[in-house]
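A short worksheet on the structure shown next.
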Amino acid sequence: MPPFLKIRQVGDPVLRQRARPLGLDELASPRIQDLIEHMRDTMRDAPGVGLAAPQIGESLQLVVVEDPPQLQAGLTPEQLAERERGAVPFHVLVNPQLTVVGEDTVDAFEGCLSLSSFVMAVKRARRVRVEALDQHGRGIRIEASGWYARILQHECDHLRGVVCIDRADTRTLATSDNHGRSWRGFTPDSLREAQPPGELVWPSVPEPVDDDGG
Ligand code: ZN
């Protein structure tokens, strides 16, 4: 296997499939243990804060996550606080079950290694609970909020064939370059205010007809 795996881009059918769970024997196999190492190295090289197996062409319920301090170096303490973002050590999730906790949501800009070089506003739950197995097959339970909860939701979505553009406000979509050039410091709401909706004139929606019983 090459040192870095090829990250599949949107349009690749594997990103739209439901990934299958891994059995304990298969998880312990050299193939899957090697795959986890290669996924970790590929995520770090990208760099990204999470990578799901479908993104490297394996339709398996397997995710790696890591949000190291060096990826947060470009953010001010205020930005880190606003995003509720802190360091998350490397860990593996196998067959994760995600549950939303509470009703708070957070709207923020995020990207995806499979939608390379784009950024978009995505509303997500602020708090989640994840029950999964680790890379050794031991049960783990994670309570997360803020940015970590966002990462977990994003990666678990990949296991169900969902990509962040499915949940995005598509009018906030920008290349990372353009986002940095024109929208640095904006929130999703302030971006929407600065860039009001255009006019979608087709297809036209017919006026509702009153049903007078005739
Ligand atoms: Zn992604």
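Lettering and numbering for the structure tokens are positional, with chains as A, B, ... in the shown order, residues counted from 1 in each chain, and ligands counted from 1 in the shown order.
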Within 10 Å of ligand 1 (counting only C-alpha atoms and all ligand atoms), which residues show up? I'd like them as a PDB file with all heavy atoms, in the first residue's frame.
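And here is the file that came out, pocket24.pdb:
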ATOM      1  N   GLN A   9     -13.029  12.103  -4.315  1.00  0.00           N
ATOM      2  CA  GLN A   9     -13.728  13.382  -4.412  1.00  0.00           C
ATOM      3  C   GLN A   9     -15.199  13.168  -4.765  1.00  0.00           C
ATOM      4  O   GLN A   9     -15.566  12.143  -5.352  1.00  0.00           O
ATOM      5  CB  GLN A   9     -13.054  14.276  -5.466  1.00  0.00           C
ATOM      6  CG  GLN A   9     -11.613  14.662  -5.116  1.00  0.00           C
ATOM      7  CD  GLN A   9     -11.533  15.465  -3.813  1.00  0.00           C
ATOM      8  OE1 GLN A   9     -12.168  16.509  -3.679  1.00  0.00           O
ATOM      9  NE2 GLN A   9     -10.760  14.975  -2.848  1.00  0.00           N
ATOM     10  N   VAL A  10     -16.038  14.152  -4.404  1.00  0.00           N
ATOM     11  CA  VAL A  10     -17.477  14.044  -4.664  1.00  0.00           C
ATOM     12  C   VAL A  10     -17.737  13.647  -6.110  1.00  0.00           C
ATOM     13  O   VAL A  10     -17.070  14.137  -7.023  1.00  0.00           O
ATOM     14  CB  VAL A  10     -18.240  15.361  -4.371  1.00  0.00           C
ATOM     15  CG1 VAL A  10     -18.554  15.486  -2.906  1.00  0.00           C
ATOM     16  CG2 VAL A  10     -17.508  16.569  -4.899  1.00  0.00           C
ATOM     17  N   LEU A  15     -18.696   7.459  -2.023  1.00  0.00           N
ATOM     18  CA  LEU A  15     -19.057   8.475  -1.029  1.00  0.00           C
ATOM     19  C   LEU A  15     -20.563   8.533  -0.793  1.00  0.00           C
ATOM     20  O   LEU A  15     -21.018   9.196   0.149  1.00  0.00           O
ATOM     21  CB  LEU A  15     -18.555   9.855  -1.471  1.00  0.00           C
ATOM     22  CG  LEU A  15     -17.037  10.030  -1.444  1.00  0.00           C
ATOM     23  CD1 LEU A  15     -16.638  11.321  -2.144  1.00  0.00           C
ATOM     24  CD2 LEU A  15     -16.514  10.019  -0.017  1.00  0.00           C
ATOM     25  N   GLY A  48      -6.138  17.168   7.647  1.00  0.00           N
ATOM     26  CA  GLY A  48      -7.548  17.242   8.006  1.00  0.00           C
ATOM     27  C   GLY A  48      -7.705  16.845   9.456  1.00  0.00           C
ATOM     28  O   GLY A  48      -6.757  16.370  10.086  1.00  0.00           O
ATOM     29  N   VAL A  49      -8.900  17.043   9.990  1.00  0.00           N
ATOM     30  CA  VAL A  49      -9.169  16.719  11.394  1.00  0.00           C
ATOM     31  C   VAL A  49      -9.985  15.434  11.522  1.00  0.00           C
ATOM     32  O   VAL A  49     -10.310  15.012  12.633  1.00  0.00           O
ATOM     33  CB  VAL A  49      -9.882  17.876  12.122  1.00  0.00           C
ATOM     34  CG1 VAL A  49      -8.963  19.072  12.226  1.00  0.00           C
ATOM     35  CG2 VAL A  49     -11.188  18.242  11.429  1.00  0.00           C
ATOM     36  N   GLY A  50     -10.325  14.824  10.380  1.00  0.00           N
ATOM     37  CA  GLY A  50     -11.053  13.571  10.409  1.00  0.00           C
ATOM     38  C   GLY A  50     -11.025  12.950   9.028  1.00  0.00           C
ATOM     39  O   GLY A  50     -10.859  13.652   8.020  1.00  0.00           O
ATOM     40  N   LEU A  51     -11.128  11.631   8.986  1.00  0.00           N
ATOM     41  CA  LEU A  51     -11.177  10.935   7.701  1.00  0.00           C
ATOM     42  C   LEU A  51     -11.993   9.655   7.898  1.00  0.00           C
ATOM     43  O   LEU A  51     -11.747   8.899   8.844  1.00  0.00           O
ATOM     44  CB  LEU A  51      -9.751  10.598   7.226  1.00  0.00           C
ATOM     45  CG  LEU A  51      -9.604  10.042   5.814  1.00  0.00           C
ATOM     46  CD1 LEU A  51      -9.973  11.079   4.746  1.00  0.00           C
ATOM     47  CD2 LEU A  51      -8.163   9.563   5.562  1.00  0.00           C
ATOM     48  N   ALA A  52     -12.967   9.461   7.036  1.00  0.00           N
ATOM     49  CA  ALA A  52     -13.813   8.266   7.108  1.00  0.00           C
ATOM     50  C   ALA A  52     -13.409   7.311   5.985  1.00  0.00           C
ATOM     51  O   ALA A  52     -13.021   7.748   4.896  1.00  0.00           O
ATOM     52  CB  ALA A  52     -15.282   8.665   6.964  1.00  0.00           C
ATOM     53  N   PRO A  54     -14.904   5.552   3.732  1.00  0.00           N
ATOM     54  CA  PRO A  54     -15.394   5.738   2.355  1.00  0.00           C
ATOM     55  C   PRO A  54     -14.591   6.786   1.575  1.00  0.00           C
ATOM     56  O   PRO A  54     -14.499   6.722   0.349  1.00  0.00           O
ATOM     57  CB  PRO A  54     -16.849   6.198   2.573  1.00  0.00           C
ATOM     58  CG  PRO A  54     -17.237   5.580   3.877  1.00  0.00           C
ATOM     59  CD  PRO A  54     -15.989   5.663   4.719  1.00  0.00           C
ATOM     60  N   GLN A  55     -13.999   7.734   2.296  1.00  0.00           N
ATOM     61  CA  GLN A  55     -13.231   8.783   1.615  1.00  0.00           C
ATOM     62  C   GLN A  55     -11.947   8.254   0.976  1.00  0.00           C
ATOM     63  O   GLN A  55     -11.355   8.935   0.135  1.00  0.00           O
ATOM     64  CB  GLN A  55     -12.867   9.906   2.597  1.00  0.00           C
ATOM     65  CG  GLN A  55     -14.074  10.686   3.079  1.00  0.00           C
ATOM     66  CD  GLN A  55     -13.646  11.819   3.979  1.00  0.00           C
ATOM     67  OE1 GLN A  55     -13.483  11.638   5.180  1.00  0.00           O
ATOM     68  NE2 GLN A  55     -13.445  12.992   3.410  1.00  0.00           N
ATOM     69  N   GLU A 110     -17.403  25.009   7.328  1.00  0.00           N
ATOM     70  CA  GLU A 110     -16.573  23.810   7.373  1.00  0.00           C
ATOM     71  C   GLU A 110     -16.218  23.371   5.966  1.00  0.00           C
ATOM     72  O   GLU A 110     -16.812  23.834   4.983  1.00  0.00           O
ATOM     73  CB  GLU A 110     -17.268  22.679   8.145  1.00  0.00           C
ATOM     74  CG  GLU A 110     -18.517  22.126   7.483  1.00  0.00           C
ATOM     75  CD  GLU A 110     -19.131  20.957   8.270  1.00  0.00           C
ATOM     76  OE1 GLU A 110     -19.500  21.154   9.449  1.00  0.00           O
ATOM     77  OE2 GLU A 110     -19.241  19.858   7.701  1.00  0.00           O
ATOM     78  N   GLY A 111     -15.245  22.492   5.889  1.00  0.00           N
ATOM     79  CA  GLY A 111     -14.823  21.951   4.606  1.00  0.00           C
ATOM     80  C   GLY A 111     -14.751  20.445   4.698  1.00  0.00           C
ATOM     81  O   GLY A 111     -15.058  19.852   5.738  1.00  0.00           O
ATOM     82  N   CYS A 112     -14.380  19.816   3.581  1.00  0.00           N
ATOM     83  CA  CYS A 112     -14.309  18.353   3.525  1.00  0.00           C
ATOM     84  C   CYS A 112     -13.172  17.983   2.579  1.00  0.00           C
ATOM     85  O   CYS A 112     -13.040  18.588   1.516  1.00  0.00           O
ATOM     86  CB  CYS A 112     -15.627  17.796   2.996  1.00  0.00           C
ATOM     87  SG  CYS A 112     -15.631  16.006   2.770  1.00  0.00           S
ATOM     88  N   LEU A 113     -12.381  16.996   2.956  1.00  0.00           N
ATOM     89  CA  LEU A 113     -11.267  16.576   2.100  1.00  0.00           C
ATOM     90  C   LEU A 113     -11.770  15.969   0.791  1.00  0.00           C
ATOM     91  O   LEU A 113     -11.015  15.869  -0.175  1.00  0.00           O
ATOM     92  CB  LEU A 113     -10.374  15.570   2.839  1.00  0.00           C
ATOM     93  CG  LEU A 113      -9.638  16.108   4.073  1.00  0.00           C
ATOM     94  CD1 LEU A 113      -8.889  14.980   4.774  1.00  0.00           C
ATOM     95  CD2 LEU A 113      -8.687  17.240   3.691  1.00  0.00           C
ATOM     96  N   SER A 114     -13.057  15.579   0.745  1.00  0.00           N
ATOM     97  CA  SER A 114     -13.637  15.015  -0.473  1.00  0.00           C
ATOM     98  C   SER A 114     -14.350  16.068  -1.324  1.00  0.00           C
ATOM     99  O   SER A 114     -14.923  15.751  -2.376  1.00  0.00           O
ATOM    100  CB  SER A 114     -14.625  13.891  -0.119  1.00  0.00           C
ATOM    101  OG  SER A 114     -13.927  12.816   0.461  1.00  0.00           O
ATOM    102  N   LEU A 115     -14.326  17.316  -0.837  1.00  0.00           N
ATOM    103  CA  LEU A 115     -14.845  18.461  -1.591  1.00  0.00           C
ATOM    104  C   LEU A 115     -13.707  19.464  -1.529  1.00  0.00           C
ATOM    105  O   LEU A 115     -13.826  20.532  -0.950  1.00  0.00           O
ATOM    106  CB  LEU A 115     -16.075  19.022  -0.889  1.00  0.00           C
ATOM    107  CG  LEU A 115     -17.419  18.931  -1.571  1.00  0.00           C
ATOM    108  CD1 LEU A 115     -18.532  19.111  -0.572  1.00  0.00           C
ATOM    109  CD2 LEU A 115     -17.522  19.968  -2.670  1.00  0.00           C
ATOM    110  N   SER A 116     -12.616  19.038  -2.096  1.00  0.00           N
ATOM    111  CA  SER A 116     -11.329  19.680  -1.859  1.00  0.00           C
ATOM    112  C   SER A 116     -11.363  21.172  -2.192  1.00  0.00           C
ATOM    113  O   SER A 116     -11.871  21.560  -3.249  1.00  0.00           O
ATOM    114  CB  SER A 116     -10.283  18.968  -2.711  1.00  0.00           C
ATOM    115  OG  SER A 116      -9.024  19.417  -2.376  1.00  0.00           O
ATOM    116  N   ILE A 151     -16.977  17.700  14.106  1.00  0.00           N
ATOM    117  CA  ILE A 151     -16.131  16.706  13.408  1.00  0.00           C
ATOM    118  C   ILE A 151     -16.812  15.330  13.449  1.00  0.00           C
ATOM    119  O   ILE A 151     -16.902  14.635  12.430  1.00  0.00           O
ATOM    120  CB  ILE A 151     -14.732  16.617  14.070  1.00  0.00           C
ATOM    121  CG1 ILE A 151     -13.977  17.942  13.946  1.00  0.00           C
ATOM    122  CG2 ILE A 151     -13.920  15.483  13.445  1.00  0.00           C
ATOM    123  CD1 ILE A 151     -12.705  18.017  14.800  1.00  0.00           C
ATOM    124  N   GLN A 153     -19.955  14.556  13.808  1.00  0.00           N
ATOM    125  CA  GLN A 153     -21.151  14.510  12.947  1.00  0.00           C
ATOM    126  C   GLN A 153     -20.757  14.425  11.479  1.00  0.00           C
ATOM    127  O   GLN A 153     -21.338  13.667  10.700  1.00  0.00           O
ATOM    128  CB  GLN A 153     -22.020  15.753  13.185  1.00  0.00           C
ATOM    129  CG  GLN A 153     -22.712  15.742  14.537  1.00  0.00           C
ATOM    130  CD  GLN A 153     -23.315  17.098  14.883  1.00  0.00           C
ATOM    131  OE1 GLN A 153     -24.387  17.433  14.405  1.00  0.00           O
ATOM    132  NE2 GLN A 153     -22.625  17.890  15.695  1.00  0.00           N
ATOM    133  N   HIS A 154     -19.739  15.203  11.104  1.00  0.00           N
ATOM    134  CA  HIS A 154     -19.279  15.211   9.713  1.00  0.00           C
ATOM    135  C   HIS A 154     -18.790  13.817   9.303  1.00  0.00           C
ATOM    136  O   HIS A 154     -19.148  13.311   8.235  1.00  0.00           O
ATOM    137  CB  HIS A 154     -18.159  16.257   9.571  1.00  0.00           C
ATOM    138  CG  HIS A 154     -17.596  16.394   8.200  1.00  0.00           C
ATOM    139  ND1 HIS A 154     -17.698  17.555   7.458  1.00  0.00           N
ATOM    140  CD2 HIS A 154     -16.912  15.508   7.419  1.00  0.00           C
ATOM    141  CE1 HIS A 154     -17.110  17.364   6.284  1.00  0.00           C
ATOM    142  NE2 HIS A 154     -16.618  16.137   6.242  1.00  0.00           N
ATOM    143  N   GLU A 155     -17.978  13.197  10.165  1.00  0.00           N
ATOM    144  CA  GLU A 155     -17.401  11.889   9.808  1.00  0.00           C
ATOM    145  C   GLU A 155     -18.459  10.790   9.834  1.00  0.00           C
ATOM    146  O   GLU A 155     -18.469   9.913   8.963  1.00  0.00           O
ATOM    147  CB  GLU A 155     -16.233  11.544  10.747  1.00  0.00           C
ATOM    148  CG  GLU A 155     -15.061  12.534  10.695  1.00  0.00           C
ATOM    149  CD  GLU A 155     -14.585  12.850   9.291  1.00  0.00           C
ATOM    150  OE1 GLU A 155     -14.646  11.962   8.418  1.00  0.00           O
ATOM    151  OE2 GLU A 155     -14.160  14.001   9.054  1.00  0.00           O
ATOM    152  N   CYS A 156     -19.354  10.818  10.829  1.00  0.00           N
ATOM    153  CA  CYS A 156     -20.407   9.789  10.865  1.00  0.00           C
ATOM    154  C   CYS A 156     -21.344   9.933   9.672  1.00  0.00           C
ATOM    155  O   CYS A 156     -21.856   8.939   9.157  1.00  0.00           O
ATOM    156  CB  CYS A 156     -21.163   9.849  12.197  1.00  0.00           C
ATOM    157  SG  CYS A 156     -20.170   9.234  13.582  1.00  0.00           S
ATOM    158  N   ASP A 157     -21.574  11.169   9.212  1.00  0.00           N
ATOM    159  CA  ASP A 157     -22.356  11.372   7.986  1.00  0.00           C
ATOM    160  C   ASP A 157     -21.740  10.594   6.816  1.00  0.00           C
ATOM    161  O   ASP A 157     -22.461  10.006   6.006  1.00  0.00           O
ATOM    162  CB  ASP A 157     -22.383  12.865   7.608  1.00  0.00           C
ATOM    163  CG  ASP A 157     -23.558  13.616   8.233  1.00  0.00           C
ATOM    164  OD1 ASP A 157     -24.421  12.987   8.862  1.00  0.00           O
ATOM    165  OD2 ASP A 157     -23.595  14.863   8.079  1.00  0.00           O
ATOM    166  N   HIS A 158     -20.398  10.633   6.716  1.00  0.00           N
ATOM    167  CA  HIS A 158     -19.735   9.937   5.599  1.00  0.00           C
ATOM    168  C   HIS A 158     -20.073   8.444   5.581  1.00  0.00           C
ATOM    169  O   HIS A 158     -20.090   7.814   4.524  1.00  0.00           O
ATOM    170  CB  HIS A 158     -18.216  10.097   5.691  1.00  0.00           C
ATOM    171  CG  HIS A 158     -17.695  11.361   5.087  1.00  0.00           C
ATOM    172  ND1 HIS A 158     -17.911  11.705   3.770  1.00  0.00           N
ATOM    173  CD2 HIS A 158     -16.945  12.368   5.617  1.00  0.00           C
ATOM    174  CE1 HIS A 158     -17.319  12.872   3.511  1.00  0.00           C
ATOM    175  NE2 HIS A 158     -16.736  13.298   4.620  1.00  0.00           N
ATOM    176  N   VAL A 162     -23.575  10.549   3.280  1.00  0.00           N
ATOM    177  CA  VAL A 162     -23.916  11.969   3.317  1.00  0.00           C
ATOM    178  C   VAL A 162     -22.632  12.802   3.287  1.00  0.00           C
ATOM    179  O   VAL A 162     -21.671  12.506   4.004  1.00  0.00           O
ATOM    180  CB  VAL A 162     -24.744  12.293   4.588  1.00  0.00           C
ATOM    181  CG1 VAL A 162     -24.947  13.792   4.747  1.00  0.00           C
ATOM    182  CG2 VAL A 162     -26.078  11.562   4.533  1.00  0.00           C
ATOM    183  N   VAL A 163     -22.614  13.816   2.440  1.00  0.00           N
ATOM    184  CA  VAL A 163     -21.486  14.736   2.349  1.00  0.00           C
ATOM    185  C   VAL A 163     -21.980  16.106   2.820  1.00  0.00           C
ATOM    186  O   VAL A 163     -23.165  16.424   2.672  1.00  0.00           O
ATOM    187  CB  VAL A 163     -20.952  14.802   0.896  1.00  0.00           C
ATOM    188  CG1 VAL A 163     -19.759  15.722   0.778  1.00  0.00           C
ATOM    189  CG2 VAL A 163     -20.593  13.395   0.407  1.00  0.00           C
ATOM    190  N   CYS A 164     -21.074  16.932   3.389  1.00  0.00           N
ATOM    191  CA  CYS A 164     -21.515  18.165   4.064  1.00  0.00           C
ATOM    192  C   CYS A 164     -22.306  19.106   3.162  1.00  0.00           C
ATOM    193  O   CYS A 164     -23.148  19.858   3.639  1.00  0.00           O
ATOM    194  CB  CYS A 164     -20.343  18.875   4.737  1.00  0.00           C
ATOM    195  SG  CYS A 164     -18.964  19.291   3.666  1.00  0.00           S
ATOM    196  N   ILE A 165     -22.076  19.047   1.839  1.00  0.00           N
ATOM    197  CA  ILE A 165     -22.839  19.914   0.944  1.00  0.00           C
ATOM    198  C   ILE A 165     -24.334  19.596   1.042  1.00  0.00           C
ATOM    199  O   ILE A 165     -25.181  20.462   0.824  1.00  0.00           O
ATOM    200  CB  ILE A 165     -22.336  19.769  -0.523  1.00  0.00           C
ATOM    201  CG1 ILE A 165     -22.968  20.801  -1.458  1.00  0.00           C
ATOM    202  CG2 ILE A 165     -22.570  18.380  -1.076  1.00  0.00           C
ATOM    203  CD1 ILE A 165     -22.448  22.190  -1.307  1.00  0.00           C
TER     204      ILE A 165
END
Could the residues of region 133-196 of chain A that have an atom at most 12 Å from region 29-44 of chain A be listed as a Markdown table, each with its closest atom pair and the distance in Å to one decimal, counting only C-alpha atoms and ordered by chain and ascending residue number?
| residue | atom | partner | partner_atom | distance |
| --- | --- | --- | --- | --- |
| A:Asp134 | CA | A:Ile36 | CA | 10.9 |
| A:Gln135 | CA | A:Gln33 | CA | 7.6 |
| A:His136 | CA | A:Gln33 | CA | 9.0 |
| A:Gly137 | CA | A:Gln33 | CA | 11.2 |
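Minimum atom-to-atom distances from A:Leu5, A:Val88, A:Leu173, A:Ala168 to Val122 (chain A) were compared using only C-alpha atoms, and the lowest value belongs to A:Ala168.
With CA of Asn178 (chain A) on one side and CA of Phe118 (chain A) on the other, the separation reads 9.0 Å.
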Among region 42-164 of chain A, which ones does DSSP assign to helix (DSSP H, G or I) (computed from the backbone)? Answer as an MDAnalysis selection string. chainID A and resid 42:45 53:56 69:72 77:83 146:158 164
7 Å contact set for Gly146 (chain A), only C-alpha atoms, chain neighbours under 4 positions out, as number ranges by chain: A: 83-85, 126-127, 150
Which residue of A:Val94, A:Phe186, A:Leu200, A:Arg160 approaches Ala28 (chain A) most closely, using only C-alpha atoms: A:Val94
Residues near Gly102 (chain A), anyone? I mean within 12 Å using only C-alpha atoms, not counting same-chain ones fewer than 6 positions away, as a ChimeraX atom specification. /A:124-129,143-145
Show which residues sit within 7 Å of Gly57 (chain A), as a ChimeraX atom specification. Count only C-alpha atoms, and ignore same-chain residues fewer than 3 positions away. /A:8,14,53-54
Identify all residues of region 37-174 of chain A in strand (DSSP E) (DSSP on the backbone) and supply them as a ChimeraX atom specification. /A:50-52,62-67,88-100,105-110,118-125,127-133,139-145,168-174
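Minimum atom-to-atom distances from A:Ser117, A:Thr99, A:Gln17, A:Thr172 to Pro197 (chain A) were compared using only C-alpha atoms, and the lowest value belongs to A:Thr172.
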If we count only C-alpha atoms, what is near Ile142 (chain A) at a cut-off of 10 Å, once residues fewer than 6 positions away on the same chain are taken out, given as a PDB file with N, CA, C and O atoms, in the first residue's frame?
ATOM      1  N   LEU A  98     -24.150   7.614  16.612  1.00  0.00           N
ATOM      2  CA  LEU A  98     -24.154   9.010  17.063  1.00  0.00           C
ATOM      3  C   LEU A  98     -25.550   9.426  17.492  1.00  0.00           C
ATOM      4  O   LEU A  98     -26.527   9.131  16.799  1.00  0.00           O
ATOM      5  N   VAL A 128     -23.131  16.106  21.017  1.00  0.00           N
ATOM      6  CA  VAL A 128     -23.463  14.747  20.583  1.00  0.00           C
ATOM      7  C   VAL A 128     -22.829  13.723  21.521  1.00  0.00           C
ATOM      8  O   VAL A 128     -21.895  14.030  22.258  1.00  0.00           O
ATOM      9  N   ARG A 129     -23.389  12.526  21.448  1.00  0.00           N
ATOM     10  CA  ARG A 129     -22.787  11.383  22.146  1.00  0.00           C
ATOM     11  C   ARG A 129     -22.508  10.331  21.084  1.00  0.00           C
ATOM     12  O   ARG A 129     -23.335  10.115  20.182  1.00  0.00           O
ATOM     13  N   VAL A 130     -21.338   9.711  21.156  1.00  0.00           N
ATOM     14  CA  VAL A 130     -20.989   8.665  20.199  1.00  0.00           C
ATOM     15  C   VAL A 130     -20.585   7.411  20.966  1.00  0.00           C
ATOM     16  O   VAL A 130     -19.758   7.477  21.880  1.00  0.00           O
ATOM     17  N   GLU A 131     -21.204   6.310  20.607  1.00  0.00           N
ATOM     18  CA  GLU A 131     -20.782   5.016  21.137  1.00  0.00           C
ATOM     19  C   GLU A 131     -20.184   4.234  19.982  1.00  0.00           C
ATOM     20  O   GLU A 131     -20.754   4.202  18.888  1.00  0.00           O
ATOM     21  N   ALA A 132     -19.026   3.654  20.216  1.00  0.00           N
ATOM     22  CA  ALA A 132     -18.294   3.009  19.133  1.00  0.00           C
ATOM     23  C   ALA A 132     -17.324   1.999  19.731  1.00  0.00           C
ATOM     24  O   ALA A 132     -17.257   1.811  20.950  1.00  0.00           O
ATOM     25  N   ALA A 149     -17.733  18.038  18.333  1.00  0.00           N
ATOM     26  CA  ALA A 149     -19.037  17.460  17.993  1.00  0.00           C
ATOM     27  C   ALA A 149     -19.296  17.607  16.492  1.00  0.00           C
ATOM     28  O   ALA A 149     -19.875  16.722  15.849  1.00  0.00           O
ATOM     29  N   LEU A 152     -17.299  14.954  14.620  1.00  0.00           N
ATOM     30  CA  LEU A 152     -17.917  13.629  14.764  1.00  0.00           C
ATOM     31  C   LEU A 152     -19.151  13.498  13.869  1.00  0.00           C
ATOM     32  O   LEU A 152     -19.353  12.471  13.212  1.00  0.00           O
TER      33      LEU A 152
END
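Going from CA of Tyr148 (chain A) to CA of Glu193 (chain A) covers 27.4 Å.
Between CA of Pro96 (chain A) and CA of Leu62 (chain A) the separation is 8.0 Å.
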